[in-house]
Each structure stands twice: as structure tokens, then as C-alpha cells.
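Dropping final_20.cif in here (mmCIF, C-alpha atoms and all ligand atoms):
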```cif
data_entry
loop_
_atom_site.label_atom_id
_atom_site.label_comp_id
_atom_site.auth_asym_id
_atom_site.auth_seq_id
_atom_site.Cartn_x
_atom_site.Cartn_y
_atom_site.Cartn_z
CA MET H 1 226.74 -22.57 204.55
CA LYS H 2 226.98 -25.03 207.40
CA ILE H 3 224.79 -24.67 210.50
CA ASP H 4 225.34 -26.69 213.69
CA ILE H 5 222.52 -26.38 216.20
CA LEU H 6 223.30 -27.46 219.77
CA THR H 7 220.20 -28.39 221.73
CA LEU H 8 218.77 -30.68 224.40
CA PHE H 9 215.77 -31.27 222.10
CA PRO H 10 216.90 -32.16 218.54
CA GLU H 11 213.43 -33.56 217.85
CA MET H 12 212.01 -30.02 217.96
CA PHE H 13 213.74 -29.15 214.66
CA GLU H 14 211.63 -31.27 212.28
CA PRO H 15 209.92 -28.13 210.83
CA LEU H 16 213.28 -26.96 209.43
CA LYS H 17 213.40 -30.11 207.29
CA ALA H 18 210.05 -29.48 205.57
CA SER H 19 209.06 -27.44 202.53
CA ILE H 20 211.61 -25.09 200.91
CA LEU H 21 214.46 -25.76 203.36
CA GLY H 22 213.78 -29.51 203.28
CA ARG H 23 214.14 -29.57 199.49
CA ALA H 24 217.36 -27.53 199.65
CA LEU H 25 218.69 -29.84 202.37
CA GLU H 26 218.03 -32.90 200.19
CA LYS H 27 219.99 -31.24 197.37
CA ASN H 28 222.90 -30.52 199.78
CA ILE H 29 222.59 -26.78 199.12
CA PHE H 30 223.44 -26.26 202.80
CA GLU H 31 224.44 -28.51 205.71
CA LEU H 32 222.44 -28.73 208.92
CA ASN H 33 223.56 -30.74 211.95
CA LEU H 34 221.55 -31.16 215.14
CA ILE H 35 223.83 -31.89 218.08
CA ASP H 36 222.37 -33.32 221.27
CA ILE H 37 224.09 -31.54 224.17
CA ARG H 38 223.05 -34.33 226.57
CA SER H 39 225.17 -36.87 224.70
CA PHE H 40 228.27 -34.90 225.85
CA SER H 41 227.41 -35.09 229.57
CA LEU H 42 230.07 -36.90 231.58
CA ASP H 43 227.58 -37.41 234.44
CA LYS H 44 226.64 -41.05 234.91
CA HIS H 45 222.94 -40.12 234.66
CA LYS H 46 223.61 -37.76 231.70
CA LYS H 47 222.51 -34.82 233.85
CA VAL H 48 222.80 -31.43 232.11
CA ASP H 49 221.33 -28.96 234.63
CA ASP H 50 221.76 -27.94 238.26
CA TYR H 51 220.64 -25.48 240.92
CA ILE H 52 221.64 -21.84 240.58
CA PHE H 53 224.36 -20.45 242.89
CA GLY H 54 223.02 -17.59 245.02
CA GLY H 55 219.47 -18.90 244.71
CA GLY H 56 216.81 -18.17 242.13
CA ASP H 57 214.04 -20.16 240.57
CA GLY H 58 214.63 -23.16 238.37
CA MET H 59 217.70 -24.87 237.00
CA LEU H 60 220.60 -23.76 234.85
CA MET H 61 222.39 -25.75 232.15
CA THR H 62 225.80 -26.82 233.47
CA PRO H 63 228.95 -25.79 231.58
CA GLN H 64 230.65 -29.15 230.93
CA PRO H 65 228.26 -30.76 228.40
CA LEU H 66 227.80 -27.43 226.60
CA TYR H 67 231.52 -26.67 226.45
CA ASP H 68 232.37 -30.11 225.10
CA ALA H 69 229.51 -29.97 222.57
CA ILE H 70 230.64 -26.56 221.28
CA MET H 71 234.30 -27.60 221.13
CA SER H 72 233.36 -30.69 219.12
CA VAL H 73 232.26 -28.46 216.21
CA LYS H 74 234.00 -25.07 216.67
CA THR H 75 236.90 -24.04 214.42
CA ASP H 76 238.74 -20.71 213.88
CA LYS H 77 236.16 -19.82 211.23
CA SER H 78 232.98 -20.60 213.19
CA TYR H 79 230.62 -17.91 214.44
CA CYS H 80 228.91 -18.97 217.64
CA VAL H 81 225.52 -17.46 218.51
CA TYR H 82 223.57 -18.02 221.74
CA MET H 83 219.81 -17.43 221.44
CA SER H 84 218.76 -15.29 224.40
CA PRO H 85 216.20 -12.59 225.23
CA LYS H 86 219.24 -10.56 226.41
CA GLY H 87 220.74 -10.50 222.91
CA THR H 88 220.55 -7.90 220.16
CA VAL H 89 217.15 -8.08 218.51
CA LEU H 90 217.25 -9.81 215.11
CA THR H 91 216.65 -7.59 212.07
CA GLN H 92 216.82 -8.24 208.33
CA ASN H 93 220.18 -6.39 208.26
CA LYS H 94 221.58 -8.67 210.96
CA VAL H 95 220.32 -11.71 209.03
CA LYS H 96 222.01 -10.42 205.85
CA SER H 97 225.31 -9.77 207.56
CA ILE H 98 225.38 -13.26 209.09
CA ALA H 99 224.44 -14.78 205.70
CA ASN H 100 227.22 -12.79 203.96
CA ASP H 101 230.01 -13.07 206.51
CA VAL H 102 229.59 -16.49 208.12
CA ASP H 103 230.34 -19.86 206.52
CA HIS H 104 229.93 -21.94 209.67
CA LEU H 105 227.21 -20.87 212.09
CA ILE H 106 226.92 -22.54 215.48
CA ILE H 107 223.62 -21.85 217.26
CA VAL H 108 223.45 -22.68 220.96
CA CYS H 109 219.98 -23.22 222.44
CA GLY H 110 219.47 -22.76 226.17
CA HIS H 111 216.61 -24.32 228.10
CA TYR H 112 215.26 -24.03 231.65
CA GLU H 113 216.65 -20.76 233.11
CA GLY H 114 219.45 -20.60 230.53
CA ILE H 115 223.16 -21.44 230.55
CA ASP H 116 226.11 -20.84 232.88
CA GLN H 117 227.63 -17.37 232.22
CA ARG H 118 231.10 -18.91 231.73
CA ILE H 119 229.96 -20.56 228.50
CA ILE H 120 228.90 -17.13 227.22
CA ASP H 121 232.25 -15.66 228.30
CA LEU H 122 234.32 -18.50 226.83
CA CYS H 123 232.55 -19.53 223.64
CA ILE H 124 229.85 -17.14 222.44
CA ASP H 125 230.55 -14.48 219.77
CA GLU H 126 227.11 -12.90 219.94
CA GLN H 127 223.79 -13.25 221.76
CA VAL H 128 220.72 -12.87 219.53
CA SER H 129 217.09 -12.32 220.57
CA ILE H 130 214.09 -12.76 218.28
CA GLY H 131 212.05 -10.15 220.14
CA ASP H 132 211.15 -8.67 223.48
CA TYR H 133 209.30 -11.64 224.95
CA VAL H 134 210.50 -14.77 226.72
CA LEU H 135 210.13 -18.32 225.40
CA THR H 136 210.73 -21.61 227.22
CA GLY H 137 213.96 -22.23 225.31
CA GLY H 138 216.18 -21.19 222.43
CA GLU H 139 214.91 -23.86 220.01
CA LEU H 140 212.15 -21.82 218.33
CA PRO H 141 214.44 -18.74 218.14
CA ALA H 142 217.19 -20.92 216.61
CA MET H 143 214.77 -22.07 213.93
CA VAL H 144 213.81 -18.47 213.21
CA LEU H 145 217.47 -17.45 212.82
CA ALA H 146 218.39 -20.50 210.71
CA ASP H 147 215.37 -20.04 208.40
CA ALA H 148 216.00 -16.31 207.92
CA VAL H 149 219.72 -16.84 207.17
CA LEU H 150 219.27 -19.87 204.90
CA ARG H 151 216.94 -17.91 202.57
CA TYR H 152 220.05 -15.97 201.50
CA VAL H 153 222.04 -19.08 200.56
CA PRO H 154 222.17 -19.18 196.73
CA ASN H 155 219.67 -21.63 195.19
CA VAL H 156 217.62 -22.11 198.39
CA LEU H 157 214.89 -19.86 196.99
CA HIS H 158 213.59 -20.20 193.43
CA SER H 159 215.03 -16.98 192.08
CA ASP H 160 217.45 -14.45 193.48
CA THR H 161 214.80 -11.73 193.12
CA SER H 162 212.81 -13.39 195.90
CA VAL H 163 215.07 -11.89 198.56
CA VAL H 164 215.37 -8.50 196.85
CA ASP H 165 211.70 -7.78 196.23
CA GLU H 166 210.35 -8.40 199.73
CA SER H 167 209.38 -6.70 202.96
CA PHE H 168 212.31 -4.97 204.73
CA SER H 169 214.66 -5.30 201.75
CA ASP H 170 214.32 -1.53 201.23
CA LYS H 171 212.99 -0.75 204.73
CA LEU H 172 209.42 -0.85 203.37
CA LEU H 173 206.74 -3.53 203.60
CA GLU H 174 205.75 -5.52 200.55
CA TYR H 175 202.82 -4.43 198.34
CA PRO H 176 199.60 -6.54 198.44
CA GLN H 177 199.69 -9.53 196.08
CA TYR H 178 196.91 -11.37 194.24
CA THR H 179 196.54 -14.60 192.28
CA ARG H 180 193.65 -16.23 190.44
CA PRO H 181 190.68 -15.92 190.40
CA ARG H 182 190.26 -12.28 189.37
CA GLU H 183 187.19 -12.05 191.57
CA PHE H 184 186.68 -13.77 194.92
CA MET H 185 183.79 -13.25 197.35
CA GLY H 186 182.94 -10.01 195.58
CA LEU H 187 186.50 -8.64 195.83
CA SER H 188 188.39 -7.91 192.61
CA VAL H 189 192.09 -7.88 191.82
CA PRO H 190 193.12 -4.19 191.29
CA GLU H 191 192.61 -3.33 187.60
CA VAL H 192 196.15 -1.95 187.19
CA LEU H 193 197.66 -5.42 187.80
CA ILE H 194 195.66 -6.94 184.97
CA ASN H 195 196.03 -4.30 182.22
CA GLY H 196 199.63 -5.28 181.36
CA ASN H 197 201.11 -1.75 181.57
CA HIS H 198 204.39 -2.49 183.31
CA LYS H 199 205.24 1.13 184.05
CA GLU H 200 201.90 1.64 185.77
CA ILE H 201 202.26 -1.65 187.64
CA GLU H 202 205.69 -0.62 188.99
CA LYS H 203 204.28 2.79 190.03
CA TRP H 204 201.35 1.08 191.81
CA LYS H 205 203.74 -1.29 193.63
CA SER H 206 205.94 1.59 194.88
CA GLU H 207 202.92 3.57 196.09
CA GLN H 208 201.47 0.51 197.81
CA LYS H 209 204.76 -0.20 199.61
CA ILE H 210 204.65 3.27 201.12
CA SER H 211 200.96 3.14 202.05
CA GLU H 212 201.24 -0.36 203.56
CA THR H 213 204.24 0.75 205.63
CA LYS H 214 202.40 3.92 206.76
CA LYS H 215 199.41 1.81 207.77
CA PHE H 216 201.07 -1.16 209.50
CA ARG H 217 204.57 -0.04 210.54
CA PRO H 218 204.82 3.77 210.57
CA ASP H 219 207.88 3.42 212.83
CA LEU H 220 209.84 2.08 209.80
CA LEU H 221 209.25 5.37 207.94
CA ASP H 222 210.48 7.40 210.93
CA LYS H 223 213.78 5.51 210.73
N1 LIG G 301 215.10 -17.67 224.54
C1 LIG G 301 214.00 -17.39 225.25
N2 LIG G 301 213.37 -16.32 224.77
C2 LIG G 301 214.11 -15.89 223.70
C3 LIG G 301 213.99 -14.82 222.78
N3 LIG G 301 212.99 -13.94 222.84
N4 LIG G 301 214.93 -14.70 221.82
C4 LIG G 301 215.95 -15.56 221.75
N5 LIG G 301 216.13 -16.58 222.60
C5 LIG G 301 215.20 -16.75 223.57
#
```
Show me the file's structure as C-alpha cells.
Amino acid sequence: MKIDILTLFPEMFEPLKASILGRALEKNIFELNLIDIRSFSLDKHKKVDDYIFGGGDGMLMTPQPLYDAIMSVKTDKSYCVYMSPKGTVLTQNKVKSIANDVDHLIIVCGHYEGIDQRIIDLCIDEQVSIGDYVLTGGELPAMVLADAVLRYVPNVLHSDTSVVDESFSDKLLEYPQYTRPREFMGLSVPEVLINGNHKEIEKWKSEQKISETKKFRPDLLDK
């Protein structure tokens, strides 16, 4: 999997290079390129935004630097996503389908009031939102999408069961989990998890998945 992220603020992406993804990146398990849109501006002051035709607050990213930045990486096989609150809301199924179907993901981050509509019309395959709220730019959403997709790349996570046995993988939330010590601040690890009866443990986990989902996300059960 190769991901190219186009942004005015490449320095915002340091968190993607830490921890699990950082280790996978060092081992070349996936490729991540941060492309500075401003470096493509043909303006002598490297300007990348301008006033909005027809009025409206704020500034819009101009098409030229964005178009040239996208064209510098796009091939027939690329899938180009623009992070936007107008997009389809990201779900685990959407993440899985991108991870399965896409080898080269281009993620375009807008800033200010967003990008010129002609870039969306000319270059974007899909607009993706990370939820019904508005952020100052597409950088945090791009990190959310990249992180969620990269977890499905083989060998990024420790074992392949990590992505199977987790919240949303079967439309249910994960069961509560415990580690040592057996007792902490007067609270004990449930006895069933300690007694070594695997059948009972599996039964407990299934029941807990249903009760956790009922408690925290009953809407998932309605679906
Ligand atoms: N840009 C600003 N807000 C966003 C959101 N909620 N999802 C994706 N991109 C965004």
C-alpha cells in the first residue's frame, strides 16, 4: 500500500510516524509520502488561496497548485480521496473496502474554507468525512483515514487476529479486557477469565459483546 497525502501542513503528520505505524514504516511495510501543495504554486509569492467568487467568508484554496500536486502523483490505478465534512461518513466497512481495493491512495487535505469545486470535479474519486462536525482542515481527518486503512495492511499489526477480533468487525463492540494485577483498587478481574475454561471464556466474551453494544451503542443492534 502506498499513501500520498497532499497538504499545506506536512509537519502536522508527525503522529503517523510514531508507535505501530512508525515501526511498520521503518520496515517499509507501506509507503507514506507527504506532499507540500505550496511547493507546486506558480505564484511568485507561493500563494495558494484566494477570495471566494460570489462572496462568502474566508479564503479558498486555488486550483493550480492542487491540480499540479495531484497530477504529480496520480496514475490510472490511484484512488483519490478528498477529506470533507460533505463526504460519506467513514465506517469500518468503508475502511476495509479501501484497504482491499486500493493499492495507491491519494488523500487531499483542504484548509481554510476548502478547495475550488473544479478540483473535486476533475480529480476526486470520493469525498470522505470522519463525522458530522467541522474541523479547521483535512489533516486530522486524513490521519484518521490513513491509520484506519493501514491497520489492514499485512504485517502492520502483530497478528492478523487483531483486526478480526475487535469492535465493529462483527457490528458489535469489543468485550471488556483486563491485564495484571488480578485485583486493582478493590476491583477484581472476572473469575471466568482466570479459570482457564476456554468454552466458558468464549461464551462470556460473546455475551459481553452484546451487553456492551446494548449499553453504549444500541443503534448498532437496530441495524
Ligand atoms: N474537514 C473539516 N471537517 C472535516 C470532517 N468532519 N471530515 C473530513 N474532513 C473534514
Inset, instruction - Name all residues at most 7 Å from H:Phe168 (count only C-alpha atoms; drop same-chain ones fewer than 4 positions away) and give them as a PyMOL selection string. - result: chain H and resi 92+172-173
Inset, instruction - Kindly provide, as a ChimeraX atom specification, all nucleotide and amino acid residues lying within 6 Å of ligand LIG 301 (chain G), counting only C-alpha atoms and all ligand atoms. - result: /H:83-85,128-138,141
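Atom pair atom CA of H:Val164 / atom CA of H:Tyr152: separated by 10.0 Å.
Here the question is which of H:Lys77, H:Ala146, H:Gly56, H:Tyr67 gets nearest to H:Asn33 using only C-alpha atoms, and that residue is H:Ala146.
Minimum atom-to-atom distance to H:Leu16, evaluated using all atoms listed in the file, belongs to H:Arg151 out of H:Lys74, H:Arg151, H:His45, H:Lys86.
Using only C-alpha atoms, the smallest distance between any of H:Val144, H:Ile201, H:Leu193, H:Ile98 and H:Glu126 comes from H:Ile98.
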Inset, instruction - Would you list the contacts of H:Ile52 as a ChimeraX atom specification, taking every protein, DNA or RNA residue within 12 Å and counting all atoms listed in the file, but skipping same-chain residues closer than 6 positions in sequence? - result: /H:58-62,112-117
Inset, instruction - Using only C-alpha atoms, determine which residues lie at most 12 Å from H:Pro154, disregarding the query and same-chain residues fewer than 4 positions distant; provide the list as number ranges by chain. - result: H: 1, 24, 28-30, 99-100, 149-150, 158-163
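Reported to one decimal place, the separation of atom CA of H:Leu34 from atom CA of H:Leu8 is 9.7 Å.
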Legend entry - Counting only C-alpha atoms, the option among H:Ile107, H:Gly87, H:Asp36, H:Asn93 closest to H:Asp68: H:Asp36
So which residues are close to (206.8, 4.5, 199.2), meaning at most 12 Å away in the file's coordinates with all atoms listed in the file counted, and can you show them as a PDB file with C-alpha atoms, keeping the file's coordinate frame?
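Wrote it out as selection.pdb, contents follow:
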```pdb
ATOM      1  CA  ASP H 170     214.320  -1.530 201.230  1.00  0.00           C
ATOM      2  CA  LYS H 171     212.990  -0.750 204.730  1.00  0.00           C
ATOM      3  CA  LEU H 172     209.420  -0.850 203.370  1.00  0.00           C
ATOM      4  CA  LEU H 173     206.740  -3.530 203.600  1.00  0.00           C
ATOM      5  CA  GLU H 174     205.750  -5.520 200.550  1.00  0.00           C
ATOM      6  CA  TYR H 175     202.820  -4.430 198.340  1.00  0.00           C
ATOM      7  CA  GLU H 202     205.690  -0.620 188.990  1.00  0.00           C
ATOM      8  CA  LYS H 203     204.280   2.790 190.030  1.00  0.00           C
ATOM      9  CA  TRP H 204     201.350   1.080 191.810  1.00  0.00           C
ATOM     10  CA  LYS H 205     203.740  -1.290 193.630  1.00  0.00           C
ATOM     11  CA  SER H 206     205.940   1.590 194.880  1.00  0.00           C
ATOM     12  CA  GLU H 207     202.920   3.570 196.090  1.00  0.00           C
ATOM     13  CA  GLN H 208     201.470   0.510 197.810  1.00  0.00           C
ATOM     14  CA  LYS H 209     204.760  -0.200 199.610  1.00  0.00           C
ATOM     15  CA  ILE H 210     204.650   3.270 201.120  1.00  0.00           C
ATOM     16  CA  SER H 211     200.960   3.140 202.050  1.00  0.00           C
ATOM     17  CA  GLU H 212     201.240  -0.360 203.560  1.00  0.00           C
ATOM     18  CA  THR H 213     204.240   0.750 205.630  1.00  0.00           C
ATOM     19  CA  LYS H 214     202.400   3.920 206.760  1.00  0.00           C
ATOM     20  CA  LYS H 215     199.410   1.810 207.770  1.00  0.00           C
ATOM     21  CA  PRO H 218     204.820   3.770 210.570  1.00  0.00           C
ATOM     22  CA  LEU H 220     209.840   2.080 209.800  1.00  0.00           C
ATOM     23  CA  LEU H 221     209.250   5.370 207.940  1.00  0.00           C
TER      24      LEU H 221
END
```
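In this model, the gap between atom CA of H:Ile37 and atom CA of H:Glu11 comes to 12.6 Å.
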Legend entry - Closest of H:Cys123, H:Ser41, H:Thr179, H:Asp50 to H:Asp76 - atom-to-atom distances counting all atoms listed in the file: H:Cys123
Please identify all polymer residues within 12 Å of H:Ser72, counting only C-alpha atoms, omitting same-chain residues fewer than 2 positions from it, and present them as a PDB file with C-alpha atoms, in the coordinates of the input.
```
ATOM      1  CA  ASP H   4     225.340 -26.690 213.690  1.00  0.00           C
ATOM      2  CA  LEU H   6     223.300 -27.460 219.770  1.00  0.00           C
ATOM      3  CA  ILE H  35     223.830 -31.890 218.080  1.00  0.00           C
ATOM      4  CA  ASP H  36     222.370 -33.320 221.270  1.00  0.00           C
ATOM      5  CA  ILE H  37     224.090 -31.540 224.170  1.00  0.00           C
ATOM      6  CA  SER H  39     225.170 -36.870 224.700  1.00  0.00           C
ATOM      7  CA  PHE H  40     228.270 -34.900 225.850  1.00  0.00           C
ATOM      8  CA  PRO H  65     228.260 -30.760 228.400  1.00  0.00           C
ATOM      9  CA  LEU H  66     227.800 -27.430 226.600  1.00  0.00           C
ATOM     10  CA  TYR H  67     231.520 -26.670 226.450  1.00  0.00           C
ATOM     11  CA  ASP H  68     232.370 -30.110 225.100  1.00  0.00           C
ATOM     12  CA  ALA H  69     229.510 -29.970 222.570  1.00  0.00           C
ATOM     13  CA  ILE H  70     230.640 -26.560 221.280  1.00  0.00           C
ATOM     14  CA  LYS H  74     234.000 -25.070 216.670  1.00  0.00           C
ATOM     15  CA  THR H  75     236.900 -24.040 214.420  1.00  0.00           C
ATOM     16  CA  SER H  78     232.980 -20.600 213.190  1.00  0.00           C
ATOM     17  CA  ILE H 106     226.920 -22.540 215.480  1.00  0.00           C
TER      18      ILE H 106
END
```
Enclose stretch 1-4 of chain H, meaning all of its atoms listed in the file, in a box aligned along x, y and z, pad it by 3 Å on each side, and list the centre and edge lengths in Å to one decimal, as JSON.
```
{"center_x": 225.9, "center_y": -24.6, "center_z": 209.1, "size_x": 8.2, "size_y": 10.1, "size_z": 15.1}
```
